[in-house]
Amino acid sequence: MIDLKFTVNGEKVTLKVPGAKRLLDVLREDLGLLSVKEGCSKGECGACSVIFNGKVVNSCMVLACQADGSEVTTLEGLSKDGHLDPLQEAFIQTGAVQCGFCTPGFIVAGRALLNRNPHPSDEEIKDGLSGNLCRCTGYQKIVTAVKLATEKDGSDV
Ligand code: FES
Ligand code: FES
């Protein structure tokens, strides 16, 4: 067991967990952050995406011992004072959601992209979301949502 101290959605957290426990499981089981989904479990689908020290990562591929001292943002951390993140609003407005299983991962990846590049081109959006898979939407509405968010944006995570 290790003492895992890190910051999650702006709050400092200390947990005693097995060092080899996946960050995905720490977030879901120990912290109840159920937006973080488990799809492939091997770093291919992006359903488990979180922002980890400013970069989007697959939390199924990060161990608790690697997360010590880190800053993690999940979908739950994007809304502020009861207001959705502009990217969440854009997903609703454009209908970029069907079953919704992939959606938290796409929004987290999109937010990380917009934080580093507030006005991405279509190609840059596709590239920024290339680690995320969706079986339902056909992707175009997701790209449209990210584009729409660039017009609303002004926030940082
Ligand atoms: S569950 Fe982590 S990348 Fe698919
Ligand atoms: S909306 Fe169903 S997998 Fe993306």
# chains A, B, ... in the order shown; residues from 1 in each chain; ligands from 1
>>> residues_near_ligand(ligand="ligand 2", cutoff="10 Å", atoms="only C-alpha atoms and all ligand atoms", output="number ranges by chain")
A: 39, 45, 47, 95-106, 132-139, 142
>>> select_by_dssp(residues="chain A", states="helix (DSSP H, G or I)", output="ChimeraX atom specification")
/A:23-30,59-61,64-67,75-77,86-94,103-116,122-128,140-152
>>> closest_residue(among="A:Asp122, A:Asp3, A:Glu151, A:Glu38", to="Met61 of chain A", atoms="only C-alpha atoms")
A:Glu38
>>> residues_near_ligand(ligand="ligand 1", cutoff="7 Å", atoms="only C-alpha atoms and all ligand atoms", output="ChimeraX atom specification")
/A:37-49,58-61
>>> closest_atom_pairs(of="segment 38-142 of chain A", to="segment 6-15 of chain A", cutoff="9 Å", atoms="only C-alpha atoms", output="Markdown table")
| residue | atom | partner | partner_atom | distance |
| --- | --- | --- | --- | --- |
| A:Ala67 | CA | A:Phe6 | CA | 6.9 |
| A:Asp68 | CA | A:Phe6 | CA | 5.5 |
| A:Gly69 | CA | A:Phe6 | CA | 4.7 |
| A:Ser70 | CA | A:Phe6 | CA | 5.2 |
| A:Glu71 | CA | A:Thr7 | CA | 4.7 |
| A:Val72 | CA | A:Val8 | CA | 4.8 |
| A:Thr73 | CA | A:Asn9 | CA | 4.8 |
| A:Thr74 | CA | A:Asn9 | CA | 6.6 |
| A:Leu75 | CA | A:Asn9 | CA | 8.7 |
| A:Glu76 | CA | A:Asn9 | CA | 7.3 |
| A:Gly77 | CA | A:Asn9 | CA | 4.6 |
| A:Leu78 | CA | A:Asn9 | CA | 7.9 |
>>> closest_residue(among="A:Ala20, A:Leu27, A:Val56, A:Ala145", to="Gln88 of chain A", atoms="only C-alpha atoms")
A:Ala145
>>> atom_distance(atom1="atom CA of Arg22 of chain A", atom2="atom CA of Val62 of chain A")
5.8 Å
>>> select_by_dssp(residues="segment 15-53 of chain A", states="strand (DSSP E)", output="list in words")
Leu15, Lys16, Val17, Ser49, Val50, Ile51 and Phe52 of chain A
>>> closest_residue(among="A:Gly32, A:Ala112, A:Val26, A:Asp85", to="Phe52 of chain A", atoms="only C-alpha atoms")
A:Ala112
>>> residues_around(residues="Pro120 of chain A", least_positions_apart="2", cutoff="12 Å", atoms="only C-alpha atoms", output="list in words")
Gly110, Arg111, Ala112, Leu113, Leu114, Asn115, Arg116, Asn117, Pro118, Asp122, Glu123, Glu124, Ile125, Lys126, Asp127, Gly128, Leu129, Val143, Thr144, Val146, Lys147, Leu148, Ala149, Thr150 and Glu151 of chain A
>>> write_last_selection(atoms="N, CA, C and O atoms", output="short mmCIF file (atom, residue, chain, number, x, y, z; two decimals), in the first residue's frame")
data_model
loop_
_atom_site.label_atom_id
_atom_site.label_comp_id
_atom_site.auth_asym_id
_atom_site.auth_seq_id
_atom_site.Cartn_x
_atom_site.Cartn_y
_atom_site.Cartn_z
N GLY A 110 -11.15 17.06 -25.50
CA GLY A 110 -11.41 18.33 -26.17
C GLY A 110 -11.03 19.51 -25.31
O GLY A 110 -10.46 20.50 -25.78
N ARG A 111 -11.31 19.42 -24.01
CA ARG A 111 -10.95 20.51 -23.10
C ARG A 111 -9.43 20.67 -23.03
O ARG A 111 -8.90 21.78 -23.05
N ALA A 112 -8.71 19.55 -22.96
CA ALA A 112 -7.24 19.62 -22.92
C ALA A 112 -6.72 20.28 -24.20
O ALA A 112 -5.79 21.10 -24.17
N LEU A 113 -7.33 19.92 -25.33
CA LEU A 113 -6.93 20.53 -26.61
C LEU A 113 -7.17 22.03 -26.59
O LEU A 113 -6.28 22.82 -26.95
N LEU A 114 -8.38 22.45 -26.17
CA LEU A 114 -8.71 23.88 -26.20
C LEU A 114 -7.88 24.68 -25.22
O LEU A 114 -7.61 25.86 -25.44
N ASN A 115 -7.47 24.05 -24.13
CA ASN A 115 -6.61 24.76 -23.18
C ASN A 115 -5.24 25.07 -23.78
O ASN A 115 -4.65 26.10 -23.47
N ARG A 116 -4.74 24.17 -24.62
CA ARG A 116 -3.41 24.45 -25.19
C ARG A 116 -3.52 25.14 -26.54
O ARG A 116 -2.56 25.76 -27.00
N ASN A 117 -4.67 25.06 -27.19
CA ASN A 117 -4.85 25.66 -28.51
C ASN A 117 -6.31 26.14 -28.62
O ASN A 117 -7.18 25.38 -29.05
N PRO A 118 -6.59 27.36 -28.21
CA PRO A 118 -7.98 27.83 -28.13
C PRO A 118 -8.70 27.91 -29.47
O PRO A 118 -9.92 27.94 -29.50
N ASP A 122 -9.84 22.27 -38.08
CA ASP A 122 -10.53 20.96 -38.10
C ASP A 122 -9.52 19.83 -37.96
O ASP A 122 -9.75 18.86 -37.25
N GLU A 123 -8.41 19.98 -38.67
CA GLU A 123 -7.39 18.91 -38.61
C GLU A 123 -6.81 18.78 -37.21
O GLU A 123 -6.57 17.68 -36.71
N GLU A 124 -6.59 19.93 -36.57
CA GLU A 124 -6.04 19.89 -35.20
C GLU A 124 -7.07 19.29 -34.23
O GLU A 124 -6.70 18.61 -33.28
N ILE A 125 -8.35 19.57 -34.46
CA ILE A 125 -9.38 18.96 -33.60
C ILE A 125 -9.37 17.44 -33.79
O ILE A 125 -9.36 16.68 -32.81
N LYS A 126 -9.35 17.01 -35.04
CA LYS A 126 -9.35 15.55 -35.29
C LYS A 126 -8.12 14.91 -34.67
O LYS A 126 -8.19 13.83 -34.07
N ASP A 127 -6.99 15.60 -34.78
CA ASP A 127 -5.76 15.07 -34.20
C ASP A 127 -5.87 15.02 -32.67
O ASP A 127 -5.50 14.03 -32.03
N GLY A 128 -6.43 16.08 -32.09
CA GLY A 128 -6.55 16.15 -30.63
C GLY A 128 -7.49 15.11 -30.06
O GLY A 128 -7.38 14.73 -28.89
N LEU A 129 -8.42 14.64 -30.90
CA LEU A 129 -9.39 13.63 -30.44
C LEU A 129 -9.04 12.24 -30.97
O LEU A 129 -9.85 11.30 -30.81
N VAL A 143 -16.68 16.89 -33.70
CA VAL A 143 -15.77 17.92 -34.21
C VAL A 143 -16.49 19.27 -34.24
O VAL A 143 -15.95 20.31 -33.84
N THR A 144 -17.75 19.25 -34.68
CA THR A 144 -18.55 20.49 -34.73
C THR A 144 -18.70 21.08 -33.33
O THR A 144 -18.63 22.30 -33.14
N VAL A 146 -16.63 20.82 -30.78
CA VAL A 146 -15.38 21.44 -30.34
C VAL A 146 -15.21 22.79 -31.04
O VAL A 146 -14.82 23.78 -30.43
N LYS A 147 -15.57 22.84 -32.33
CA LYS A 147 -15.48 24.12 -33.06
C LYS A 147 -16.40 25.16 -32.43
O LYS A 147 -16.01 26.31 -32.24
N LEU A 148 -17.62 24.74 -32.10
CA LEU A 148 -18.57 25.68 -31.50
C LEU A 148 -18.02 26.19 -30.16
O LEU A 148 -18.16 27.37 -29.84
N ALA A 149 -17.39 25.31 -29.41
CA ALA A 149 -16.86 25.71 -28.10
C ALA A 149 -15.77 26.76 -28.23
O ALA A 149 -15.59 27.58 -27.33
N THR A 150 -15.08 26.78 -29.36
CA THR A 150 -14.02 27.78 -29.53
C THR A 150 -14.63 29.18 -29.56
O THR A 150 -13.97 30.16 -29.21
N GLU A 151 -15.90 29.27 -29.98
CA GLU A 151 -16.56 30.58 -30.03
C GLU A 151 -17.06 31.01 -28.66
O GLU A 151 -17.24 32.17 -28.38
#
>>> atom_distance(atom1="atom CA of Val108 of chain A", atom2="atom CA of Thr94 of chain A")
16.9 Å
>>> closest_residue(among="A:Leu34, A:Ala64, A:Phe91, A:Ser121", to="Val17 of chain A", atoms="only C-alpha atoms")
A:Ala64
>>> atom_distance(atom1="atom CA of Cys65 of chain A", atom2="atom CA of Ile107 of chain A")
25.9 Å
>>> closest_residue(among="A:Val50, A:Ala109, A:Leu4, A:Leu23", to="Ser35 of chain A", atoms="only C-alpha atoms")
A:Val50
